[in-house]
>>> print(open('query_5.csv').read())   # CSV, C-alpha atoms
chain,number,residue,atom,x,y,z
A,1,MET,CA,100.6,115.8,8.6
A,2,VAL,CA,97.4,116.1,10.6
A,3,ALA,CA,99.3,116.2,13.8
A,4,LEU,CA,101.7,118.7,12.2
A,5,TYR,CA,99.1,121.2,11.0
A,6,GLY,CA,97.1,120.9,14.2
A,7,GLY,CA,100.1,121.4,16.4
A,8,VAL,CA,101.3,124.4,14.4
A,9,VAL,CA,97.9,126.1,14.5
A,10,ALA,CA,97.7,125.4,18.3
A,11,PHE,CA,101.2,126.8,18.8
A,12,ILE,CA,100.6,130.0,16.9
A,13,ALA,CA,97.2,130.5,18.5
A,14,LEU,CA,98.7,130.0,22.0
A,15,VAL,CA,101.6,132.4,21.4
A,16,PHE,CA,99.1,134.9,20.0
A,17,ASP,CA,97.1,134.7,23.2
A,18,TYR,CA,100.3,135.3,25.2
A,19,ILE,CA,101.0,138.4,23.0
A,20,ASN,CA,97.4,139.6,23.5
A,21,TYR,CA,97.8,139.1,27.3
A,22,SER,CA,101.1,141.0,27.4
A,23,PHE,CA,100.2,143.8,25.0
A,24,PRO,CA,96.4,144.5,25.4
A,25,ASP,CA,94.7,146.5,22.7
A,26,PRO,CA,93.8,149.9,24.2
A,27,LEU,CA,90.8,150.1,21.8
A,28,GLN,CA,89.3,146.9,23.1
A,29,TYR,CA,86.8,148.0,25.7
A,30,TYR,CA,84.7,144.8,25.9
A,31,TYR,CA,85.6,142.0,28.2
A,32,ALA,CA,87.5,139.2,26.4
A,33,ASP,CA,88.7,136.2,28.4
A,34,PRO,CA,91.8,134.6,26.9
A,35,TYR,CA,92.1,131.9,29.5
A,36,GLN,CA,89.6,129.4,28.0
A,37,SER,CA,91.4,129.4,24.6
A,38,ILE,CA,94.8,129.2,26.3
A,39,SER,CA,93.8,126.1,28.2
A,40,TYR,CA,92.5,124.4,25.0
A,41,GLU,CA,95.6,125.3,23.0
A,42,MET,CA,97.9,124.1,25.8
A,43,ALA,CA,96.0,120.8,25.9
A,44,ALA,CA,96.2,120.5,22.1
A,45,LEU,CA,100.0,121.0,22.2
A,46,ILE,CA,100.5,118.6,25.0
A,47,VAL,CA,98.8,115.9,23.0
A,48,LEU,CA,99.8,116.7,19.4
A,49,ALA,CA,103.4,117.5,19.9
A,50,PRO,CA,104.5,114.1,21.3
A,51,VAL,CA,102.4,112.4,18.6
A,52,LEU,CA,104.1,114.4,15.9
A,53,LEU,CA,107.6,113.8,17.1
A,54,LEU,CA,107.0,110.1,17.7
A,55,LEU,CA,105.5,109.6,14.2
A,56,MET,CA,108.4,111.5,12.6
A,57,ARG,CA,110.9,109.3,14.4
A,58,VAL,CA,109.1,106.1,13.3
A,59,ILE,CA,108.9,107.3,9.7
A,60,ARG,CA,112.6,108.2,9.6
A,61,ARG,CA,113.5,104.8,11.1
A,62,ASP,CA,111.5,103.1,8.4
A,63,ILE,CA,113.2,105.1,5.7
A,64,ALA,CA,116.6,104.2,7.2
A,65,ARG,CA,115.7,100.5,6.9
A,66,ASP,CA,114.2,100.9,3.5
A,67,PRO,CA,115.3,104.0,1.6
A,68,SER,CA,112.6,103.4,-1.1
A,69,ARG,CA,109.9,104.5,1.4
A,70,SER,CA,111.2,108.1,1.0
A,71,GLU,CA,109.9,108.1,-2.6
A,72,LEU,CA,106.4,107.0,-1.8
A,73,TRP,CA,104.1,109.3,-3.8
A,74,VAL,CA,101.8,110.1,-0.9
A,75,ARG,CA,104.8,111.1,1.3
A,76,ARG,CA,106.3,113.4,-1.4
A,77,TRP,CA,102.9,114.8,-2.2
A,78,ALA,CA,102.4,115.7,1.5
A,79,LEU,CA,105.9,117.2,1.7
A,80,PHE,CA,105.4,119.4,-1.4
A,81,LEU,CA,102.0,120.5,-0.1
A,82,THR,CA,103.5,121.5,3.3
A,83,VAL,CA,106.4,123.4,1.6
A,84,PHE,CA,103.9,125.2,-0.6
A,85,ILE,CA,101.6,126.1,2.4
A,86,ALA,CA,104.6,127.3,4.4
A,87,GLY,CA,105.9,129.4,1.5
A,88,ALA,CA,102.5,130.9,0.8
A,89,THR,CA,102.2,131.8,4.5
A,90,ILE,CA,105.5,133.6,4.5
A,91,VAL,CA,104.4,135.6,1.4
A,92,ILE,CA,101.0,136.5,2.9
A,93,ASP,CA,102.7,137.4,6.2
A,94,LEU,CA,105.1,139.9,4.5
A,95,ILE,CA,102.3,141.3,2.4
A,96,THR,CA,100.3,142.0,5.5
A,97,LEU,CA,103.2,143.7,7.2
A,98,LEU,CA,103.9,145.9,4.1
A,99,THR,CA,100.2,146.7,3.7
A,100,THR,CA,100.0,147.9,7.3
A,101,PHE,CA,103.1,150.0,6.9
A,102,LEU,CA,102.2,151.6,3.6
A,103,SER,CA,98.6,152.4,4.8
A,104,GLY,CA,100.1,154.5,7.5
A,105,GLU,CA,98.8,152.4,10.4
A,106,ASP,CA,100.8,152.1,13.6
A,107,LEU,CA,103.1,149.1,13.7
A,108,THR,CA,102.5,148.2,17.3
A,109,ALA,CA,104.6,145.7,19.3
A,110,ARG,CA,101.5,143.5,19.4
A,111,PHE,CA,101.2,143.4,15.6
A,112,LEU,CA,104.9,143.1,14.9
A,113,LEU,CA,105.3,140.2,17.3
A,114,LYS,CA,102.4,138.3,15.7
A,115,VAL,CA,104.0,138.9,12.2
A,116,LEU,CA,107.3,137.7,13.6
A,117,VAL,CA,105.8,134.6,15.1
A,118,VAL,CA,104.1,133.6,11.8
A,119,LEU,CA,107.3,134.4,9.9
A,120,LEU,CA,109.5,132.3,12.1
A,121,VAL,CA,107.1,129.3,12.3
A,122,ALA,CA,106.4,129.3,8.6
A,123,GLY,CA,110.1,129.8,7.7
A,124,ALA,CA,111.2,127.0,10.0
A,125,GLY,CA,108.6,124.7,8.4
A,126,PHE,CA,109.6,125.7,4.9
A,127,LEU,CA,113.3,125.1,5.4
A,128,HIS,CA,112.8,121.8,7.4
A,129,PHE,CA,110.5,120.1,4.8
A,130,LEU,CA,112.4,121.5,1.9
A,131,ALA,CA,115.5,119.8,3.4
A,132,ASP,CA,113.4,116.6,3.8
A,133,LEU,CA,112.5,116.7,0.1
A,134,TRP,CA,116.2,116.9,-0.7
A,135,GLY,CA,117.0,114.0,1.6
A,136,TYR,CA,119.1,116.0,4.0
A,137,TRP,CA,117.6,114.4,7.2
A,138,VAL,CA,118.1,110.9,5.8
A,139,LYS,CA,121.8,111.7,5.2
A,140,ASN,CA,122.2,113.4,8.6
A,141,PRO,CA,120.0,111.5,11.1
A,142,ALA,CA,121.9,113.0,14.1
A,143,TYR,CA,120.9,116.5,13.0
A,144,ALA,CA,117.3,115.3,12.7
A,145,ARG,CA,117.3,114.1,16.3
A,146,TYR,CA,118.7,117.5,17.4
A,147,ILE,CA,115.8,119.2,15.6
A,148,ASN,CA,113.3,116.9,17.3
A,149,TRP,CA,114.8,117.7,20.8
A,150,ALA,CA,114.8,121.4,20.0
A,151,VAL,CA,111.2,121.4,19.0
A,152,ALA,CA,110.3,119.3,22.1
A,153,LEU,CA,112.1,121.9,24.3
A,154,LEU,CA,110.3,124.8,22.6
A,155,ILE,CA,106.9,123.1,23.1
A,156,VAL,CA,107.7,122.4,26.8
A,157,LEU,CA,108.8,126.0,27.4
A,158,THR,CA,105.7,127.4,25.6
A,159,VAL,CA,103.3,125.2,27.6
A,160,LEU,CA,105.1,126.0,30.9
A,161,ALA,CA,104.6,129.7,30.1
A,162,GLY,CA,100.9,129.1,30.0
A,163,PHE,CA,100.9,127.9,33.6
A,164,PHE,CA,102.2,131.3,34.7
A,165,ILE,CA,99.1,132.9,33.0
A,166,VAL,CA,96.4,130.3,33.4
A,167,GLY,CA,97.7,128.9,36.7
A,168,THR,CA,97.5,125.3,37.8
A,169,PRO,CA,94.3,123.3,37.3
A,170,GLY,CA,93.4,124.0,40.9
A,171,GLN,CA,93.8,127.7,40.4
A,172,ALA,CA,91.8,127.5,37.2
A,173,ARG,CA,88.9,126.0,39.1
A,174,GLN,CA,89.1,128.7,41.7
A,175,TYR,CA,88.9,131.3,38.9
A,176,ARG,CA,85.8,129.6,37.5
A,177,VAL,CA,84.1,129.4,40.9
A,178,ASP,CA,84.8,133.2,41.4
A,179,GLU,CA,83.4,133.9,38.0
A,180,GLN,CA,80.2,132.1,39.0
A,181,ARG,CA,80.1,134.3,42.2
A,182,VAL,CA,80.3,137.4,40.0
A,183,GLN,CA,77.5,136.2,37.8
A,184,ASP,CA,75.4,135.5,40.8
A,185,LEU,CA,75.9,139.0,42.1
A,186,GLN,CA,75.1,140.4,38.7
A,187,ASN,CA,71.8,138.4,38.7
A,188,ILE,CA,71.0,139.6,42.2
A,189,GLN,CA,71.7,143.2,41.2
A,190,SER,CA,69.3,142.9,38.2
A,191,GLN,CA,66.6,141.4,40.5
A,192,ILE,CA,67.0,144.2,43.0
A,193,THR,CA,66.6,146.8,40.2
A,194,TYR,CA,63.5,144.9,39.0
A,195,PHE,CA,62.1,144.8,42.5
A,196,TYR,CA,62.6,148.6,42.9
A,197,GLN,CA,60.8,149.3,39.6
A,198,GLN,CA,57.9,147.2,40.8
A,199,LYS,CA,57.6,148.5,44.4
A,200,GLN,CA,59.6,151.7,44.4
A,201,ALA,CA,61.7,150.5,47.3
A,202,LEU,CA,64.7,148.3,47.9
A,203,PRO,CA,64.2,144.9,49.5
A,204,SER,CA,65.0,144.7,53.2
A,205,ALA,CA,66.4,141.2,52.7
A,206,LEU,CA,67.5,139.1,49.6
A,207,SER,CA,64.9,136.5,50.5
A,208,GLN,CA,62.2,138.9,49.2
A,209,LEU,CA,63.6,138.5,45.7
A,210,ASN,CA,62.6,134.8,45.5
A,211,ASP,CA,59.8,134.6,43.0
A,212,PRO,CA,58.8,131.2,41.6
A,213,LEU,CA,56.6,132.9,39.0
A,214,GLN,CA,59.6,134.7,37.6
A,215,TYR,CA,61.7,131.5,37.9
A,216,PHE,CA,64.2,133.2,40.2
A,217,THR,CA,65.6,131.6,43.3
A,218,MET,CA,68.3,133.4,45.3
A,219,PRO,CA,71.7,131.9,44.4
A,220,ILE,CA,74.1,130.9,47.0
A,221,ASP,CA,77.9,130.5,47.1
A,222,PRO,CA,78.7,127.6,44.7
A,223,GLU,CA,81.5,126.3,46.9
A,224,THR,CA,80.5,127.0,50.5
A,225,GLY,CA,76.7,127.2,50.2
A,226,ALA,CA,76.7,130.4,52.2
A,227,ALA,CA,74.3,133.3,51.3
A,228,TYR,CA,75.6,136.4,49.6
A,229,GLY,CA,75.9,139.5,51.7
A,230,TYR,CA,73.4,142.3,51.2
A,231,GLN,CA,72.9,145.7,53.0
A,232,LYS,CA,70.9,148.8,52.3
A,233,THR,CA,73.2,151.8,52.5
A,234,SER,CA,70.7,154.6,51.7
A,235,GLY,CA,67.3,155.1,50.3
A,236,LEU,CA,68.4,153.9,46.9
A,237,GLY,CA,71.8,152.5,47.7
A,238,PHE,CA,72.8,149.0,48.5
A,239,ARG,CA,75.8,146.8,48.9
A,240,LEU,CA,76.4,143.3,47.7
A,241,CYS,CA,79.2,141.1,49.2
A,242,ALA,CA,80.9,137.8,48.4
A,243,THR,CA,84.0,136.0,49.5
A,244,PHE,CA,86.4,135.3,46.7
A,245,ALA,CA,89.2,132.7,46.5
A,246,VAL,CA,91.6,134.5,44.1
A,247,GLU,CA,92.2,138.0,42.8
A,248,GLY,CA,90.2,139.0,39.8
A,249,ARG,CA,92.2,138.8,36.5
A,250,GLY,CA,90.7,141.8,34.9
A,251,SER,CA,90.0,142.4,31.2
A,252,LEU,CA,92.7,140.6,29.3
A,253,GLY,CA,94.8,140.4,32.5
A,254,THR,CA,95.3,144.1,32.6
A,255,GLY,CA,93.0,144.9,35.5
A,256,ARG,CA,91.1,147.3,33.3
A,257,ALA,CA,87.4,147.6,34.2
A,258,MET,CA,84.8,146.2,31.9
A,259,MET,CA,82.9,148.7,29.8
A,260,ALA,CA,80.8,151.0,31.9
A,261,GLU,CA,77.0,150.5,31.7
A,262,PRO,CA,74.5,153.3,31.2
A,263,TYR,CA,73.5,154.9,34.5
A,264,GLY,CA,71.3,157.7,33.2
A,265,PRO,CA,71.1,160.4,30.6
A,266,GLY,CA,74.6,161.6,29.9
A,267,LYS,CA,76.0,159.6,32.8
A,268,TYR,CA,77.7,156.2,33.3
A,269,MET,CA,78.0,153.9,36.3
A,270,SER,CA,81.2,151.9,36.6
A,271,ASP,CA,79.9,148.4,36.7
A,272,ASN,CA,83.3,147.0,37.7
A,273,TRP,CA,83.2,143.6,39.3
A,274,GLU,CA,87.0,143.3,39.8
A,275,HIS,CA,87.9,141.9,43.2
A,276,GLY,CA,90.7,140.9,45.5
A,277,VAL,CA,91.0,137.8,47.8
A,278,GLY,CA,88.5,137.4,50.7
A,279,GLU,CA,85.3,139.3,51.3
A,280,VAL,CA,84.7,142.0,48.8
A,281,CYS,CA,81.7,144.3,48.7
A,282,PHE,CA,80.3,146.3,45.7
A,283,ASP,CA,78.4,149.5,46.4
A,284,ARG,CA,75.5,150.3,44.0
A,285,ALA,CA,72.9,153.0,43.7
A,286,ILE,CA,69.7,153.1,41.6
A,287,ASP,CA,69.0,156.2,39.6
A,288,PRO,CA,65.1,156.6,39.7
A,289,ASP,CA,65.2,158.6,36.4
A,290,PHE,CA,67.0,155.8,34.6
A,291,TYR,CA,64.9,153.1,36.3
A,292,PRO,CA,61.3,154.5,36.3
A,293,PRO,CA,58.4,152.5,37.7
A,294,LEU,CA,57.1,149.8,35.5
A,295,THR,CA,53.6,150.5,34.1
A,296,ARG,CA,50.9,148.0,35.1
>>> encode(input="query_5.csv", output="structure tokens")
Amino acid sequence: MVALYGGVVAFIALVFDYINYSFPDPLQYYYADPYQSISYEMAALIVLAPVLLLLMRVIRRDIARDPSRSELWVRRWALFLTVFIAGATIVIDLITLLTTFLSGEDLTARFLLKVLVVLLVAGAGFLHFLADLWGYWVKNPAYARYINWAVALLIVLTVLAGFFIVGTPGQARQYRVDEQRVQDLQNIQSQITYFYQQKQALPSALSQLNDPLQYFTMPIDPETGAAYGYQKTSGLGFRLCATFAVEGRGSLGTGRAMMAEPYGPGKYMSDNWEHGVGEVCFDRAIDPDFYPPLTR
């Protein structure tokens, strides 16, 4: 039952992440990365699903050898509890659907698909374990094996779908390295801004930003060890460059820019760090009204 509940939760959460990825919320303007949760849920399914199917097969073989085992109080208590939880989930799921409809809210594809997933999973669990209470699978062991194979196939297809989103482990590592590059560029940009507020000029080279007293050491490329590119483009403009291994995945995989950061009174600067493959440069400019000199 622990493997069952854990596997069901991981399966539903994984499918929900797929739905969020395919149908992004237009009102979600902050950056939310689904890939870490997808990787965890995939790993949970890969481990829990075989454990669940193996244990169910062992239990049914024991019951076939000794039918009295099907009447063990702990087994029947667990089955009744599972049927109750599945039935309650179906009721709550339908109430949520009707509440959303009656309140006049939009029934988006994202919402309806999630309701459908919960309904199908809870409904399948309810019917399966209710049939188990009635002894149907003991009387029809061939059908029980078919169900096991169908569940195994569903899990395999669901996990394989994740590799099209998350990518292979090697690709996942490349994404993480690129994310570190973006974080390094963001830190460098912050230090350039601080340098300007202190000295009213842009640094001529990134080495000027090294400051042991501020606990800042210029970062380098985490994979190649090369220095990041920097160039002054105007009096208050500059360019930061890095070489990326893969194309940026965007916010929720849609390529939508992250929320803009304040640039000045009534203005916004697109702080978009989306990138392609290879060397990519980001042009920035400092607004002296928004970044006034620091008082000493």
>>> atom_distance(input="query_5.csv", atom1="atom CA of A:Val83", atom2="atom CA of A:Thr108")
29.6 Å
>>> closest_residue(input="query_5.csv", among="A:Ile59, A:Tyr35, A:Thr158, A:Thr100", to="A:Trp137", atoms="only C-alpha atoms")
A:Ile59
>>> atom_distance(input="query_5.csv", atom1="atom CA of A:Ala49", atom2="atom CA of A:Ala122")
16.6 Å
>>> atom_distance(input="query_5.csv", atom1="atom CA of A:Leu54", atom2="atom CA of A:Tyr40")
21.6 Å
>>> residues_around(input="query_5.csv", residues="A:Arg181", least_positions_apart="3", cutoff="8 Å", atoms="only C-alpha atoms", output="JSON, numbers by chain")
{"A": [177, 178, 184, 185, 221, 222, 242, 244]}
>>> closest_residue(input="query_5.csv", among="A:Phe16, A:Phe23, A:Phe216, A:Trp73", to="A:Ser190", atoms="only C-alpha atoms")
A:Phe216
>>> closest_residue(input="query_5.csv", among="A:Leu213, A:Leu294, A:Leu160, A:Ile85", to="A:Tyr18", atoms="all atoms listed in the file")
A:Leu160
>>> residues_near_point(input="query_5.csv", point="(109.3, 121.1, 19.2)", cutoff="10 Å", atoms="all atoms listed in the file", output="list in words")
Gly7, Val8, Phe11, Leu45, Ala49, Pro50, Leu52, Leu53, Ile147, Asn148, Trp149, Ala150, Val151, Ala152, Leu153, Leu154, Ile155, Val156, Leu157 and Thr158 of chain A
>>> closest_residue(input="query_5.csv", among="A:Ala131, A:Ile12, A:Val246, A:Val58", to="A:Gln171", atoms="all atoms listed in the file")
A:Val246
>>> closest_residue(input="query_5.csv", among="A:Met1, A:Ala10, A:Ala201, A:Leu133", to="A:Leu55", atoms="all atoms listed in the file")
A:Met1
>>> residues_around(input="query_5.csv", residues="A:Leu236", least_positions_apart="6", cutoff="8 Å", atoms="all atoms listed in the file", output="NGL selection string")
:A and (201-202 or 285-287)
>>> closest_residue(input="query_5.csv", among="A:Leu113, A:Met56, A:Val280, A:Cys241", to="A:Asp17", atoms="only C-alpha atoms")
A:Leu113
>>> residues_around(input="query_5.csv", residues="A:Gly125", least_positions_apart="3", cutoff="12 Å", atoms="all atoms listed in the file", output="PyMOL selection string")
chain A and resi 1+4-5+8+79-90+118-122+128-132+147+151
>>> decode(input="query_5.csv", residues="stretch 123-148 of chain A", atoms="N, CA and C atoms", output="PDB file, in the first residue's frame")
ATOM      1  N   GLY A 123     -10.839   6.546 -10.300  1.00  0.00           N
ATOM      2  CA  GLY A 123     -11.863   5.595 -10.748  1.00  0.00           C
ATOM      3  C   GLY A 123     -11.286   4.220 -11.007  1.00  0.00           C
ATOM      4  N   ALA A 124     -10.113   4.164 -11.641  1.00  0.00           N
ATOM      5  CA  ALA A 124      -9.474   2.874 -11.890  1.00  0.00           C
ATOM      6  C   ALA A 124      -9.101   2.187 -10.582  1.00  0.00           C
ATOM      7  N   GLY A 125      -8.560   2.965  -9.630  1.00  0.00           N
ATOM      8  CA  GLY A 125      -8.220   2.386  -8.332  1.00  0.00           C
ATOM      9  C   GLY A 125      -9.444   1.888  -7.585  1.00  0.00           C
ATOM     10  N   PHE A 126     -10.526   2.659  -7.641  1.00  0.00           N
ATOM     11  CA  PHE A 126     -11.767   2.265  -6.962  1.00  0.00           C
ATOM     12  C   PHE A 126     -12.298   0.943  -7.513  1.00  0.00           C
ATOM     13  N   LEU A 127     -12.387   0.838  -8.840  1.00  0.00           N
ATOM     14  CA  LEU A 127     -12.929  -0.374  -9.453  1.00  0.00           C
ATOM     15  C   LEU A 127     -12.003  -1.575  -9.232  1.00  0.00           C
ATOM     16  N   HIS A 128     -10.702  -1.345  -9.335  1.00  0.00           N
ATOM     17  CA  HIS A 128      -9.757  -2.453  -9.195  1.00  0.00           C
ATOM     18  C   HIS A 128      -9.810  -3.068  -7.799  1.00  0.00           C
ATOM     19  N   PHE A 129      -9.756  -2.224  -6.776  1.00  0.00           N
ATOM     20  CA  PHE A 129      -9.703  -2.761  -5.412  1.00  0.00           C
ATOM     21  C   PHE A 129     -11.075  -3.180  -4.905  1.00  0.00           C
ATOM     22  N   LEU A 130     -12.125  -2.606  -5.466  1.00  0.00           N
ATOM     23  CA  LEU A 130     -13.460  -3.122  -5.144  1.00  0.00           C
ATOM     24  C   LEU A 130     -13.606  -4.540  -5.701  1.00  0.00           C
ATOM     25  N   ALA A 131     -13.112  -4.757  -6.922  1.00  0.00           N
ATOM     26  CA  ALA A 131     -13.121  -6.111  -7.487  1.00  0.00           C
ATOM     27  C   ALA A 131     -12.255  -7.047  -6.663  1.00  0.00           C
ATOM     28  N   ASP A 132     -11.164  -6.528  -6.102  1.00  0.00           N
ATOM     29  CA  ASP A 132     -10.316  -7.359  -5.243  1.00  0.00           C
ATOM     30  C   ASP A 132     -11.065  -7.777  -3.991  1.00  0.00           C
ATOM     31  N   LEU A 133     -11.835  -6.872  -3.401  1.00  0.00           N
ATOM     32  CA  LEU A 133     -12.636  -7.217  -2.225  1.00  0.00           C
ATOM     33  C   LEU A 133     -13.658  -8.300  -2.543  1.00  0.00           C
ATOM     34  N   TRP A 134     -14.173  -8.280  -3.740  1.00  0.00           N
ATOM     35  CA  TRP A 134     -15.165  -9.281  -4.140  1.00  0.00           C
ATOM     36  C   TRP A 134     -14.523 -10.591  -4.603  1.00  0.00           C
ATOM     37  N   GLY A 135     -13.192 -10.643  -4.626  1.00  0.00           N
ATOM     38  CA  GLY A 135     -12.508 -11.859  -5.031  1.00  0.00           C
ATOM     39  C   GLY A 135     -12.442 -12.084  -6.520  1.00  0.00           C
ATOM     40  N   TYR A 136     -12.651 -11.022  -7.321  1.00  0.00           N
ATOM     41  CA  TYR A 136     -12.697 -11.182  -8.770  1.00  0.00           C
ATOM     42  C   TYR A 136     -11.335 -11.596  -9.325  1.00  0.00           C
ATOM     43  N   TRP A 137     -10.254 -10.981  -8.830  1.00  0.00           N
ATOM     44  CA  TRP A 137      -8.928 -11.266  -9.384  1.00  0.00           C
ATOM     45  C   TRP A 137      -8.433 -12.654  -8.995  1.00  0.00           C
ATOM     46  N   VAL A 138      -8.902 -13.144  -7.829  1.00  0.00           N
ATOM     47  CA  VAL A 138      -8.541 -14.507  -7.439  1.00  0.00           C
ATOM     48  C   VAL A 138      -9.210 -15.515  -8.367  1.00  0.00           C
ATOM     49  N   LYS A 139     -10.457 -15.236  -8.759  1.00  0.00           N
ATOM     50  CA  LYS A 139     -11.182 -16.145  -9.651  1.00  0.00           C
ATOM     51  C   LYS A 139     -10.707 -16.003 -11.106  1.00  0.00           C
ATOM     52  N   ASN A 140     -10.142 -14.872 -11.459  1.00  0.00           N
ATOM     53  CA  ASN A 140      -9.706 -14.619 -12.834  1.00  0.00           C
ATOM     54  C   ASN A 140      -8.251 -14.144 -12.836  1.00  0.00           C
ATOM     55  N   PRO A 141      -7.315 -15.029 -12.525  1.00  0.00           N
ATOM     56  CA  PRO A 141      -5.902 -14.599 -12.439  1.00  0.00           C
ATOM     57  C   PRO A 141      -5.344 -14.113 -13.773  1.00  0.00           C
ATOM     58  N   ALA A 142      -5.876 -14.644 -14.889  1.00  0.00           N
ATOM     59  CA  ALA A 142      -5.362 -14.191 -16.195  1.00  0.00           C
ATOM     60  C   ALA A 142      -5.675 -12.712 -16.402  1.00  0.00           C
ATOM     61  N   TYR A 143      -6.880 -12.281 -16.010  1.00  0.00           N
ATOM     62  CA  TYR A 143      -7.233 -10.870 -16.139  1.00  0.00           C
ATOM     63  C   TYR A 143      -6.351  -9.997 -15.243  1.00  0.00           C
ATOM     64  N   ALA A 144      -6.003 -10.516 -14.081  1.00  0.00           N
ATOM     65  CA  ALA A 144      -5.131  -9.760 -13.177  1.00  0.00           C
ATOM     66  C   ALA A 144      -3.769  -9.529 -13.813  1.00  0.00           C
ATOM     67  N   ARG A 145      -3.258 -10.551 -14.513  1.00  0.00           N
ATOM     68  CA  ARG A 145      -1.970 -10.384 -15.201  1.00  0.00           C
ATOM     69  C   ARG A 145      -2.075  -9.353 -16.321  1.00  0.00           C
ATOM     70  N   TYR A 146      -3.209  -9.364 -17.038  1.00  0.00           N
ATOM     71  CA  TYR A 146      -3.406  -8.368 -18.088  1.00  0.00           C
ATOM     72  C   TYR A 146      -3.382  -6.950 -17.514  1.00  0.00           C
ATOM     73  N   ILE A 147      -4.021  -6.795 -16.353  1.00  0.00           N
ATOM     74  CA  ILE A 147      -4.040  -5.480 -15.707  1.00  0.00           C
ATOM     75  C   ILE A 147      -2.621  -5.070 -15.315  1.00  0.00           C
ATOM     76  N   ASN A 148      -1.863  -6.003 -14.784  1.00  0.00           N
ATOM     77  CA  ASN A 148      -0.482  -5.685 -14.398  1.00  0.00           C
ATOM     78  C   ASN A 148       0.337  -5.236 -15.603  1.00  0.00           C
TER      79      ASN A 148
END
